[in-house]
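Student: Just so it is clear, I am handing over run07.cif, which has mmCIF, C-alpha atoms.
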```cif
data_start
loop_
_atom_site.group_PDB
_atom_site.id
_atom_site.type_symbol
_atom_site.label_atom_id
_atom_site.label_comp_id
_atom_site.auth_asym_id
_atom_site.auth_seq_id
_atom_site.Cartn_x
_atom_site.Cartn_y
_atom_site.Cartn_z
ATOM 1 C CA GLY A 383 -2.819 14.832 16.213
ATOM 2 C CA THR A 384 -4.202 14.546 12.661
ATOM 3 C CA ILE A 385 -2.454 14.879 9.309
ATOM 4 C CA VAL A 386 -3.290 14.518 5.620
ATOM 5 C CA GLN A 387 -1.875 11.441 3.907
ATOM 6 C CA TYR A 388 -1.320 11.882 0.150
ATOM 7 C CA PHE A 389 -1.251 8.930 -2.264
ATOM 8 C CA LYS A 390 1.212 9.331 -5.156
ATOM 9 C CA ASP A 391 1.509 7.550 -8.499
ATOM 10 C CA ASP A 392 5.176 6.658 -7.889
ATOM 11 C CA VAL A 393 6.410 3.076 -8.133
ATOM 12 C CA THR A 394 9.786 1.541 -7.358
ATOM 13 C CA ALA A 395 11.326 -1.846 -7.970
ATOM 14 C CA GLU A 396 14.501 -3.701 -7.081
ATOM 15 C CA GLN A 397 14.993 -1.906 -3.752
ATOM 16 C CA GLY A 398 14.479 1.516 -5.328
ATOM 17 C CA LYS A 399 16.862 1.035 -8.252
ATOM 18 C CA LYS A 400 14.005 1.404 -10.746
ATOM 19 C CA LYS A 401 11.572 4.330 -10.445
ATOM 20 C CA ALA A 402 8.521 5.250 -12.519
ATOM 21 C CA THR A 403 4.950 6.450 -12.251
ATOM 22 C CA ILE A 404 1.679 4.719 -13.049
ATOM 23 C CA ALA A 405 -1.191 7.106 -13.753
ATOM 24 C CA GLY A 406 -4.008 6.605 -11.255
ATOM 25 C CA LYS A 407 -2.049 4.357 -8.859
ATOM 26 C CA GLY A 408 -2.407 6.819 -5.978
ATOM 27 C CA VAL A 409 -6.164 7.094 -6.478
ATOM 28 C CA LEU A 410 -6.541 3.312 -6.445
ATOM 29 C CA ASN A 411 -4.279 2.885 -3.404
ATOM 30 C CA ASN A 412 -6.284 5.530 -1.527
ATOM 31 C CA ARG A 413 -9.526 3.608 -2.116
ATOM 32 C CA ILE A 414 -7.949 0.249 -1.231
ATOM 33 C CA SER A 415 -6.524 1.717 1.984
ATOM 34 C CA GLU A 416 -9.896 3.241 2.895
ATOM 35 C CA TYR A 417 -11.613 -0.111 2.320
ATOM 36 C CA LEU A 418 -9.103 -2.137 4.345
ATOM 37 C CA MET A 419 -8.988 0.320 7.259
ATOM 38 C CA THR A 420 -12.796 0.478 7.379
ATOM 39 C CA LYS A 421 -13.060 -3.323 7.443
ATOM 40 C CA LEU A 422 -10.465 -3.538 10.237
ATOM 41 C CA ALA A 423 -12.397 -0.950 12.270
ATOM 42 C CA GLU A 424 -15.613 -2.949 11.787
ATOM 43 C CA ILE A 425 -14.049 -5.923 13.593
ATOM 44 C CA GLY A 426 -12.584 -3.788 16.363
ATOM 45 C CA VAL A 427 -9.021 -3.286 15.141
ATOM 46 C CA PRO A 428 -7.916 0.315 15.775
ATOM 47 C CA THR A 429 -6.342 2.108 12.787
ATOM 48 C CA HIS A 430 -4.994 5.547 11.895
ATOM 49 C CA PHE A 431 -7.748 6.152 9.307
ATOM 50 C CA LEU A 432 -10.360 8.843 9.990
ATOM 51 C CA LYS A 433 -11.852 9.639 6.560
ATOM 52 C CA ARG A 434 -11.118 9.953 2.859
ATOM 53 C CA ILE A 435 -10.916 13.639 1.919
ATOM 54 C CA ASN A 436 -10.748 13.308 -1.868
ATOM 55 C CA MET A 437 -9.440 10.955 -4.540
ATOM 56 C CA ARG A 438 -5.808 11.226 -3.319
ATOM 57 C CA GLU A 439 -5.954 12.247 0.336
ATOM 58 C CA GLN A 440 -7.046 10.831 3.684
ATOM 59 C CA LEU A 441 -7.333 12.427 7.098
ATOM 60 C CA VAL A 442 -5.431 10.152 9.476
ATOM 61 C CA ARG A 443 -4.209 10.092 13.066
ATOM 62 C CA GLN A 444 -0.539 10.975 13.376
ATOM 63 C CA LEU A 445 1.451 8.048 14.729
ATOM 64 C CA ASP A 446 4.870 6.522 15.053
ATOM 65 C CA MET A 447 5.263 4.201 12.102
ATOM 66 C CA ILE A 448 6.225 0.571 12.597
ATOM 67 C CA PRO A 449 8.850 -0.047 9.875
ATOM 68 C CA ILE A 450 7.254 -3.059 8.172
ATOM 69 C CA GLU A 451 6.793 -3.427 4.434
ATOM 70 C CA VAL A 452 4.376 -5.923 2.896
ATOM 71 C CA VAL A 453 4.669 -6.789 -0.782
ATOM 72 C CA VAL A 454 1.861 -8.696 -2.484
ATOM 73 C CA ARG A 455 2.423 -10.208 -5.909
ATOM 74 C CA ASN A 456 0.469 -12.519 -8.164
ATOM 75 C CA PHE A 457 3.636 -14.023 -9.614
ATOM 76 C CA ALA A 458 6.926 -15.192 -8.091
ATOM 77 C CA ALA A 459 9.711 -12.637 -8.332
ATOM 78 C CA HIS A 460 13.011 -11.560 -6.787
ATOM 79 C CA SER A 461 13.680 -12.845 -3.265
ATOM 80 C CA LEU A 462 10.780 -15.309 -3.310
ATOM 81 C CA GLN A 463 12.294 -17.206 -6.220
ATOM 82 C CA SER A 464 15.778 -17.258 -4.752
ATOM 83 C CA ARG A 465 14.702 -18.175 -1.206
ATOM 84 C CA PHE A 466 12.354 -20.974 -2.161
ATOM 85 C CA GLY A 467 13.654 -22.096 -5.550
ATOM 86 C CA ILE A 468 10.483 -21.046 -7.356
ATOM 87 C CA GLN A 469 10.849 -20.177 -11.038
ATOM 88 C CA GLU A 470 10.393 -16.455 -11.765
ATOM 89 C CA GLY A 471 6.937 -15.736 -13.145
ATOM 90 C CA THR A 472 5.268 -18.744 -11.486
ATOM 91 C CA GLN A 473 1.646 -17.819 -10.724
ATOM 92 C CA LEU A 474 0.968 -17.809 -6.988
#
```
Show this structure as structure tokens.
Tutor:
Amino acid sequence: GTIVQYFKDDVTAEQGKKKATIAGKGVLNNRISEYLMTKLAEIGVPTHFLKRINMREQLVRQLDMIPIEVVVRNFAAHSLQSRFGIQEGTQL
């Protein structure tokens, strides 16, 4: 019932049309995930997170994934600009 989740340095853009890597991205995402999951647990929200193993891996509960993607940006881009008529690059 437990697996190791590995955080990579891969990045994609434009629905996977552009691919690259950013050195250290996986390490940062691992720490952000650990922080968020710990805070959710503190207020009683159950999560998959058990513990951070190292800089790139977490021990997590195996689960059926809910296919939801959340994208957070500091500036307007792509679908946000076309859906709401916001100029690309507008600070949010």
Student: Could you check which of A:Ala395, A:Leu422, A:Ile414, A:Ile404 is closest to Gln440 in chain A, using only C-alpha atoms?
Tutor: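 Between A:Ala395, A:Leu422, A:Ile414, A:Ile404, the residue approaching Gln440 in chain A most closely is A:Ile414.
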Student: For Leu474 in chain A, please output as a ChimeraX atom specification all residues within 8 Å (counting all atoms listed in the file; exclusion window: fewer than 5 positions along the same chain).
Tutor: /A:455-458
Student: Could those selected residues go to a file with C-alpha atoms, as a PDB file, in the coordinates of the input?
Tutor:
```pdb
ATOM      1  CA  ARG A 455       2.423 -10.208  -5.909  1.00  0.00           C
ATOM      2  CA  ASN A 456       0.469 -12.519  -8.164  1.00  0.00           C
ATOM      3  CA  PHE A 457       3.636 -14.023  -9.614  1.00  0.00           C
ATOM      4  CA  ALA A 458       6.926 -15.192  -8.091  1.00  0.00           C
TER       5      ALA A 458
END
```
Student: Evaluate the PyMOL selection byres ((chain A and resi 459) around 12) against this structure - the residues, as a VMD selection string, please.
Tutor: chain A and resid 395 to 396 453 to 458 460 to 474
Student: Would you write out those residues with C-alpha atoms, as a PDB file, in the frame of the given file?
Tutor:
```pdb
ATOM      1  CA  ALA A 395      11.326  -1.846  -7.970  1.00  0.00           C
ATOM      2  CA  GLU A 396      14.501  -3.701  -7.081  1.00  0.00           C
ATOM      3  CA  VAL A 453       4.669  -6.789  -0.782  1.00  0.00           C
ATOM      4  CA  VAL A 454       1.861  -8.696  -2.484  1.00  0.00           C
ATOM      5  CA  ARG A 455       2.423 -10.208  -5.909  1.00  0.00           C
ATOM      6  CA  ASN A 456       0.469 -12.519  -8.164  1.00  0.00           C
ATOM      7  CA  PHE A 457       3.636 -14.023  -9.614  1.00  0.00           C
ATOM      8  CA  ALA A 458       6.926 -15.192  -8.091  1.00  0.00           C
ATOM      9  CA  HIS A 460      13.011 -11.560  -6.787  1.00  0.00           C
ATOM     10  CA  SER A 461      13.680 -12.845  -3.265  1.00  0.00           C
ATOM     11  CA  LEU A 462      10.780 -15.309  -3.310  1.00  0.00           C
ATOM     12  CA  GLN A 463      12.294 -17.206  -6.220  1.00  0.00           C
ATOM     13  CA  SER A 464      15.778 -17.258  -4.752  1.00  0.00           C
ATOM     14  CA  ARG A 465      14.702 -18.175  -1.206  1.00  0.00           C
ATOM     15  CA  PHE A 466      12.354 -20.974  -2.161  1.00  0.00           C
ATOM     16  CA  GLY A 467      13.654 -22.096  -5.550  1.00  0.00           C
ATOM     17  CA  ILE A 468      10.483 -21.046  -7.356  1.00  0.00           C
ATOM     18  CA  GLN A 469      10.849 -20.177 -11.038  1.00  0.00           C
ATOM     19  CA  GLU A 470      10.393 -16.455 -11.765  1.00  0.00           C
ATOM     20  CA  GLY A 471       6.937 -15.736 -13.145  1.00  0.00           C
ATOM     21  CA  THR A 472       5.268 -18.744 -11.486  1.00  0.00           C
ATOM     22  CA  GLN A 473       1.646 -17.819 -10.724  1.00  0.00           C
ATOM     23  CA  LEU A 474       0.968 -17.809  -6.988  1.00  0.00           C
TER      24      LEU A 474
END
```
Student: Interatomic distance between CA of Gly383 in chain A and CA of His430 in chain A?
Tutor: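 Interatomic distance here is 10.5 Å.
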Student: At a cut-off of 12 Å, using only C-alpha atoms, what residues contact Asp391 in chain A? Leave out same-chain residues fewer than 6 positions from it and give the result as JSON, numbers by chain.
Tutor: {"A": [401, 402, 403, 404, 405, 406, 407, 408, 409, 410, 411, 412, 438]}
Student: Tell me, in Å to one decimal, how far CA of Gln397 in chain A is from CA of Glu416 in chain A.
Tutor: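 CA of Gln397 in chain A sits 26.3 Å away from CA of Glu416 in chain A.
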Student: One decimal, in Å: what's the spacing between CA of Thr420 in chain A and CA of Val442 in chain A?
Tutor: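 If I compute the distance from CA of Thr420 in chain A to CA of Val442 in chain A, I get 12.3 Å.
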Student: For the point (-4.5, 10.7, 1.5) in the file's frame, write as a ChimeraX atom specification all residues with an atom no more than 6 Å away, counting all atoms listed in the file.
Tutor: /A:386-389,438-440
Student: Find, counting all atoms listed in the file, the residue in A:Gly426, A:Arg443, A:Pro449, A:Lys421 that gets nearest to Ile385 in chain A.
Tutor: A:Arg443
Student: Could I get range 429-457 of chain A rebuilt with N, CA and C atoms, written as a JSON list (two decimals), in the coordinates of the input?
Tutor:
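Everything below was put into part-v3.json:
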```json
[["chain", "number", "residue", "atom", "x", "y", "z"],
["A", 429, "THR", "N", -7.21, 1.69, 13.89],
["A", 429, "THR", "CA", -6.34, 2.11, 12.79],
["A", 429, "THR", "C", -6.12, 3.62, 12.87],
["A", 430, "HIS", "N", -5.28, 4.12, 11.99],
["A", 430, "HIS", "CA", -4.99, 5.55, 11.90],
["A", 430, "HIS", "C", -6.04, 6.29, 11.06],
["A", 431, "PHE", "N", -6.82, 5.56, 10.28],
["A", 431, "PHE", "CA", -7.75, 6.15, 9.31],
["A", 431, "PHE", "C", -8.91, 6.88, 9.98],
["A", 432, "LEU", "N", -9.19, 8.10, 9.52],
["A", 432, "LEU", "CA", -10.36, 8.84, 9.99],
["A", 432, "LEU", "C", -11.38, 9.00, 8.87],
["A", 433, "LYS", "N", -10.94, 9.53, 7.70],
["A", 433, "LYS", "CA", -11.85, 9.64, 6.56],
["A", 433, "LYS", "C", -11.07, 9.96, 5.29],
["A", 434, "ARG", "N", -11.69, 9.58, 4.15],
["A", 434, "ARG", "CA", -11.12, 9.95, 2.86],
["A", 434, "ARG", "C", -11.56, 11.38, 2.57],
["A", 435, "ILE", "N", -10.62, 12.24, 2.21],
["A", 435, "ILE", "CA", -10.92, 13.64, 1.92],
["A", 435, "ILE", "C", -11.30, 13.82, 0.46],
["A", 436, "ASN", "N", -10.51, 13.23, -0.43],
["A", 436, "ASN", "CA", -10.75, 13.31, -1.87],
["A", 436, "ASN", "C", -10.11, 12.09, -2.52],
["A", 437, "MET", "N", -9.93, 12.13, -3.82],
["A", 437, "MET", "CA", -9.44, 10.96, -4.54],
["A", 437, "MET", "C", -7.99, 10.57, -4.19],
["A", 438, "ARG", "N", -7.21, 11.50, -3.62],
["A", 438, "ARG", "CA", -5.81, 11.23, -3.32],
["A", 438, "ARG", "C", -5.41, 11.45, -1.87],
["A", 439, "GLU", "N", -6.33, 11.89, -1.02],
["A", 439, "GLU", "CA", -5.95, 12.25, 0.34],
["A", 439, "GLU", "C", -6.89, 11.64, 1.38],
["A", 440, "GLN", "N", -6.30, 11.31, 2.53],
["A", 440, "GLN", "CA", -7.05, 10.83, 3.68],
["A", 440, "GLN", "C", -6.67, 11.67, 4.90],
["A", 441, "LEU", "N", -7.62, 11.86, 5.79],
["A", 441, "LEU", "CA", -7.33, 12.43, 7.10],
["A", 441, "LEU", "C", -7.04, 11.25, 8.02],
["A", 442, "VAL", "N", -5.86, 11.27, 8.64],
["A", 442, "VAL", "CA", -5.43, 10.15, 9.48],
["A", 442, "VAL", "C", -4.87, 10.66, 10.80],
["A", 443, "ARG", "N", -4.85, 9.78, 11.80],
["A", 443, "ARG", "CA", -4.21, 10.09, 13.07],
["A", 443, "ARG", "C", -2.69, 10.03, 12.87],
["A", 444, "GLN", "N", -1.99, 11.01, 13.42],
["A", 444, "GLN", "CA", -0.54, 10.98, 13.38],
["A", 444, "GLN", "C", -0.06, 9.88, 14.31],
["A", 445, "LEU", "N", 0.96, 9.15, 13.92],
["A", 445, "LEU", "CA", 1.45, 8.05, 14.73],
["A", 445, "LEU", "C", 2.93, 7.81, 14.48],
["A", 446, "ASP", "N", 3.51, 6.99, 15.30],
["A", 446, "ASP", "CA", 4.87, 6.52, 15.05],
["A", 446, "ASP", "C", 4.76, 5.27, 14.20],
["A", 447, "MET", "N", 5.38, 5.30, 13.04],
["A", 447, "MET", "CA", 5.26, 4.20, 12.10],
["A", 447, "MET", "C", 6.09, 2.99, 12.55],
["A", 448, "ILE", "N", 5.50, 1.83, 12.39],
["A", 448, "ILE", "CA", 6.22, 0.57, 12.60],
["A", 448, "ILE", "C", 6.86, 0.24, 11.24],
["A", 449, "PRO", "N", 8.18, 0.12, 11.18],
["A", 449, "PRO", "CA", 8.85, -0.05, 9.88],
["A", 449, "PRO", "C", 8.71, -1.46, 9.30],
["A", 450, "ILE", "N", 7.52, -1.76, 8.80],
["A", 450, "ILE", "CA", 7.25, -3.06, 8.17],
["A", 450, "ILE", "C", 6.74, -2.80, 6.76],
["A", 451, "GLU", "N", 7.27, -3.53, 5.81],
["A", 451, "GLU", "CA", 6.79, -3.43, 4.43],
["A", 451, "GLU", "C", 6.19, -4.77, 4.03],
["A", 452, "VAL", "N", 5.03, -4.72, 3.40],
["A", 452, "VAL", "CA", 4.38, -5.92, 2.90],
["A", 452, "VAL", "C", 4.25, -5.79, 1.38],
["A", 453, "VAL", "N", 4.75, -6.78, 0.67],
["A", 453, "VAL", "CA", 4.67, -6.79, -0.78],
["A", 453, "VAL", "C", 3.78, -7.95, -1.20],
["A", 454, "VAL", "N", 2.78, -7.66, -2.01],
["A", 454, "VAL", "CA", 1.86, -8.70, -2.48],
["A", 454, "VAL", "C", 2.02, -8.80, -4.00],
["A", 455, "ARG", "N", 2.27, -9.99, -4.47],
["A", 455, "ARG", "CA", 2.42, -10.21, -5.91],
["A", 455, "ARG", "C", 1.56, -11.39, -6.33],
["A", 456, "ASN", "N", 1.21, -11.40, -7.60],
["A", 456, "ASN", "CA", 0.47, -12.52, -8.16],
["A", 456, "ASN", "C", 1.39, -13.55, -8.79],
["A", 457, "PHE", "N", 2.66, -13.15, -8.98],
["A", 457, "PHE", "CA", 3.64, -14.02, -9.61],
["A", 457, "PHE", "C", 4.94, -14.00, -8.82]]
```
